[in-house]
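Right, one structure below, let's go through it.
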Amino acid sequence: MTISDFKDWLKTVITDCPNWFAGGLRTTDEKAIAVYNGNAFINPMALGGLKNSSYKGKGIRVLVHWNKSIKDTEAKAQEVYNALYGQNNMMIANKRVIKFNMRDPEPIYLGVDNSGIYEYVIDFEIIHER
């Protein structure tokens, strides 16, 4: 599973975002979501090697770069968070997602960019079948 695979899946869940990016935010326009690689902490190796390991982790960070309203931006970030938290058994890039392991109890406020647009980040790990 790649960050582009995850971005494409998330676009089907958050349907009102006009600007999507993988690997970096490449706009100063309002209403953009960017997906980055994060840190994976779960990458087990079963006895007997990789062929006996059934799942692994994929670290992801989602940047919500929304608009000049803190209220709207926080609401959109919470919508993205809620779309992931507690979800399981969906398919992304032909991999069954076991769970989204959220690193924080809510989206993290990053501040305002140079254009005055508020930003939040959501940091998590996707636990999925190999």
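By order in the structure tokens, chains are A, B, ...; within a chain, residues start at 1; ligands start at 1, following the order shown.
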
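Residues in contact range of A:Ala75, defined as at most 12 Å between only C-alpha atoms, with sequence neighbours fewer than 5 positions away removed, read Val64, His65, Trp66, Asn67, Ser69, Ile70, Val80, Tyr81, Asn82, Glu106, Pro107, Tyr109, Tyr118, Glu119 and Tyr120 of chain A.
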
Item to complete: List every residue of stretch 40-123 of chain A that DSSP, applied to the backbone, labels as strand (DSSP E), and write the result as a PyMOL selection string.
Response: chain A and resi 55-65+91-92+95-102+108-112+118-123

Selected residues written out with N, CA and C atoms, as a JSON list (two decimals), in the first residue's frame:
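Wrote it out as selection_24.json, contents follow:
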[["chain", "number", "residue", "atom", "x", "y", "z"],
["A", 55, "TYR", "N", 0.47, -9.53, 8.92],
["A", 55, "TYR", "CA", 0.09, -8.12, 8.87],
["A", 55, "TYR", "C", 1.32, -7.24, 9.05],
["A", 56, "LYS", "N", 1.14, -5.95, 8.74],
["A", 56, "LYS", "CA", 2.21, -4.96, 8.91],
["A", 56, "LYS", "C", 1.60, -3.59, 9.07],
["A", 57, "GLY", "N", 2.42, -2.62, 9.40],
["A", 57, "GLY", "CA", 1.96, -1.25, 9.58],
["A", 57, "GLY", "C", 2.46, -0.33, 8.48],
["A", 58, "LYS", "N", 1.68, 0.70, 8.19],
["A", 58, "LYS", "CA", 2.05, 1.74, 7.24],
["A", 58, "LYS", "C", 1.77, 3.09, 7.90],
["A", 59, "GLY", "N", 2.83, 3.84, 8.18],
["A", 59, "GLY", "CA", 2.68, 5.14, 8.81],
["A", 59, "GLY", "C", 2.18, 6.18, 7.81],
["A", 60, "ILE", "N", 1.20, 6.97, 8.23],
["A", 60, "ILE", "CA", 0.57, 7.98, 7.37],
["A", 60, "ILE", "C", 0.38, 9.26, 8.17],
["A", 61, "ARG", "N", 0.55, 10.39, 7.49],
["A", 61, "ARG", "CA", 0.18, 11.70, 8.03],
["A", 61, "ARG", "C", -0.72, 12.37, 7.01],
["A", 62, "VAL", "N", -1.81, 12.93, 7.50],
["A", 62, "VAL", "CA", -2.75, 13.66, 6.64],
["A", 62, "VAL", "C", -2.75, 15.12, 7.08],
["A", 63, "LEU", "N", -2.42, 16.00, 6.16],
["A", 63, "LEU", "CA", -2.46, 17.43, 6.41],
["A", 63, "LEU", "C", -3.76, 17.99, 5.85],
["A", 64, "VAL", "N", -4.53, 18.64, 6.72],
["A", 64, "VAL", "CA", -5.76, 19.31, 6.30],
["A", 64, "VAL", "C", -5.46, 20.80, 6.26],
["A", 65, "HIS", "N", -5.39, 21.33, 5.05],
["A", 65, "HIS", "CA", -5.06, 22.73, 4.75],
["A", 65, "HIS", "C", -6.36, 23.31, 4.17],
["A", 91, "MET", "N", -11.17, -2.32, 2.41],
["A", 91, "MET", "CA", -10.10, -2.66, 1.49],
["A", 91, "MET", "C", -9.50, -1.38, 0.92],
["A", 92, "ILE", "N", -8.17, -1.30, 0.97],
["A", 92, "ILE", "CA", -7.43, -0.22, 0.33],
["A", 92, "ILE", "C", -6.32, -0.87, -0.48],
["A", 95, "LYS", "N", -5.74, -4.56, -0.06],
["A", 95, "LYS", "CA", -5.26, -4.99, 1.25],
["A", 95, "LYS", "C", -6.37, -4.75, 2.26],
["A", 96, "ARG", "N", -6.64, -5.76, 3.10],
["A", 96, "ARG", "CA", -7.65, -5.60, 4.14],
["A", 96, "ARG", "C", -7.06, -4.82, 5.30],
["A", 97, "VAL", "N", -7.71, -3.71, 5.63],
["A", 97, "VAL", "CA", -7.28, -2.89, 6.76],
["A", 97, "VAL", "C", -7.82, -3.52, 8.04],
["A", 98, "ILE", "N", -6.92, -3.82, 8.95],
["A", 98, "ILE", "CA", -7.30, -4.39, 10.25],
["A", 98, "ILE", "C", -7.77, -3.27, 11.17],
["A", 99, "LYS", "N", -7.02, -2.16, 11.18],
["A", 99, "LYS", "CA", -7.44, -0.99, 11.97],
["A", 99, "LYS", "C", -6.58, 0.20, 11.64],
["A", 100, "PHE", "N", -7.09, 1.38, 11.98],
["A", 100, "PHE", "CA", -6.32, 2.61, 11.94],
["A", 100, "PHE", "C", -5.88, 2.88, 13.37],
["A", 101, "ASN", "N", -4.59, 2.88, 13.60],
["A", 101, "ASN", "CA", -4.04, 3.11, 14.93],
["A", 101, "ASN", "C", -3.72, 4.60, 15.07],
["A", 102, "MET", "N", -4.64, 5.35, 15.64],
["A", 102, "MET", "CA", -4.49, 6.80, 15.75],
["A", 102, "MET", "C", -3.44, 7.12, 16.81],
["A", 108, "ILE", "N", -4.20, 17.46, 15.30],
["A", 108, "ILE", "CA", -3.25, 18.38, 15.94],
["A", 108, "ILE", "C", -3.19, 19.69, 15.15],
["A", 109, "TYR", "N", -3.40, 20.78, 15.86],
["A", 109, "TYR", "CA", -3.36, 22.11, 15.25],
["A", 109, "TYR", "C", -1.92, 22.47, 14.93],
["A", 110, "LEU", "N", -1.66, 22.87, 13.67],
["A", 110, "LEU", "CA", -0.32, 23.27, 13.25],
["A", 110, "LEU", "C", -0.13, 24.77, 13.19],
["A", 111, "GLY", "N", -1.22, 25.50, 13.03],
["A", 111, "GLY", "CA", -1.12, 26.94, 12.93],
["A", 111, "GLY", "C", -1.65, 27.43, 11.59],
["A", 112, "VAL", "N", -1.09, 28.56, 11.16],
["A", 112, "VAL", "CA", -1.53, 29.23, 9.95],
["A", 112, "VAL", "C", -0.34, 29.30, 8.99],
["A", 118, "TYR", "N", -5.53, 27.99, 7.82],
["A", 118, "TYR", "CA", -5.32, 27.15, 8.99],
["A", 118, "TYR", "C", -5.02, 25.71, 8.56],
["A", 119, "GLU", "N", -4.20, 25.02, 9.39],
["A", 119, "GLU", "CA", -3.80, 23.65, 9.08],
["A", 119, "GLU", "C", -3.84, 22.77, 10.33],
["A", 120, "TYR", "N", -4.25, 21.54, 10.12],
["A", 120, "TYR", "CA", -4.22, 20.48, 11.13],
["A", 120, "TYR", "C", -3.55, 19.26, 10.53],
["A", 121, "VAL", "N", -2.98, 18.40, 11.38],
["A", 121, "VAL", "CA", -2.40, 17.15, 10.92],
["A", 121, "VAL", "C", -2.99, 16.00, 11.73],
["A", 122, "ILE", "N", -3.17, 14.88, 11.04],
["A", 122, "ILE", "CA", -3.65, 13.64, 11.66],
["A", 122, "ILE", "C", -2.58, 12.60, 11.41],
["A", 123, "ASP", "N", -2.04, 12.02, 12.48],
["A", 123, "ASP", "CA", -0.93, 11.08, 12.41],
["A", 123, "ASP", "C", -1.44, 9.71, 12.88]]

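Here atom CA of A:Ile14 and atom CA of A:Gly86 stand 16.4 Å from one another.
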
Discussion item. If we count only C-alpha atoms and set the cut-off at 12 Å, which residues sit around A:Gly23, ignoring sequence neighbours fewer than 6 positions away in its own chain? Please answer as a PyMOL selection string.
Written reply: chain A and resi 2-7+33-38+60-63

Fill in: Test item, helix (DSSP H, G or I) assignment across stretch 38-120 of chain A, answer as a VMD selection string
chain A and resid 50 to 52 70 to 84

Atoms kept (C-alpha atoms) for selection, written as a compact mmCIF listing (two decimals), in the first residue's frame:
# COMPACT_ATOMS: atom_id res chain seq x y z
CA LEU A 50 8.13 -13.15 6.48
CA LYS A 51 5.99 -15.79 4.77
CA ASN A 52 4.40 -16.53 8.16
CA ILE A 70 -10.39 28.14 12.29
CA LYS A 71 -13.92 26.80 12.87
CA ASP A 72 -14.25 25.37 9.34
CA THR A 73 -10.72 23.96 9.31
CA GLU A 74 -11.08 22.28 12.69
CA ALA A 75 -14.42 20.79 11.63
CA LYS A 76 -12.93 19.40 8.39
CA ALA A 77 -9.94 17.94 10.27
CA GLN A 78 -12.31 16.29 12.75
CA GLU A 79 -14.37 14.90 9.86
CA VAL A 80 -11.25 13.27 8.40
CA TYR A 81 -10.25 11.93 11.85
CA ASN A 82 -13.73 10.50 12.44
CA ALA A 83 -13.68 8.81 9.01
CA LEU A 84 -10.67 6.77 10.21

Worksheet item: Of the candidates A:Ile117, A:Leu10, A:Ile127, A:Met1, which shows the shortest atom-to-atom distance to A:Thr27, using only C-alpha atoms?
Response: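 Among the listed residues, the smallest separation from A:Thr27 belongs to A:Ile117.
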
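What separates atom CA of A:Cys17 from atom CA of A:His128 is a distance of 25.7 Å.
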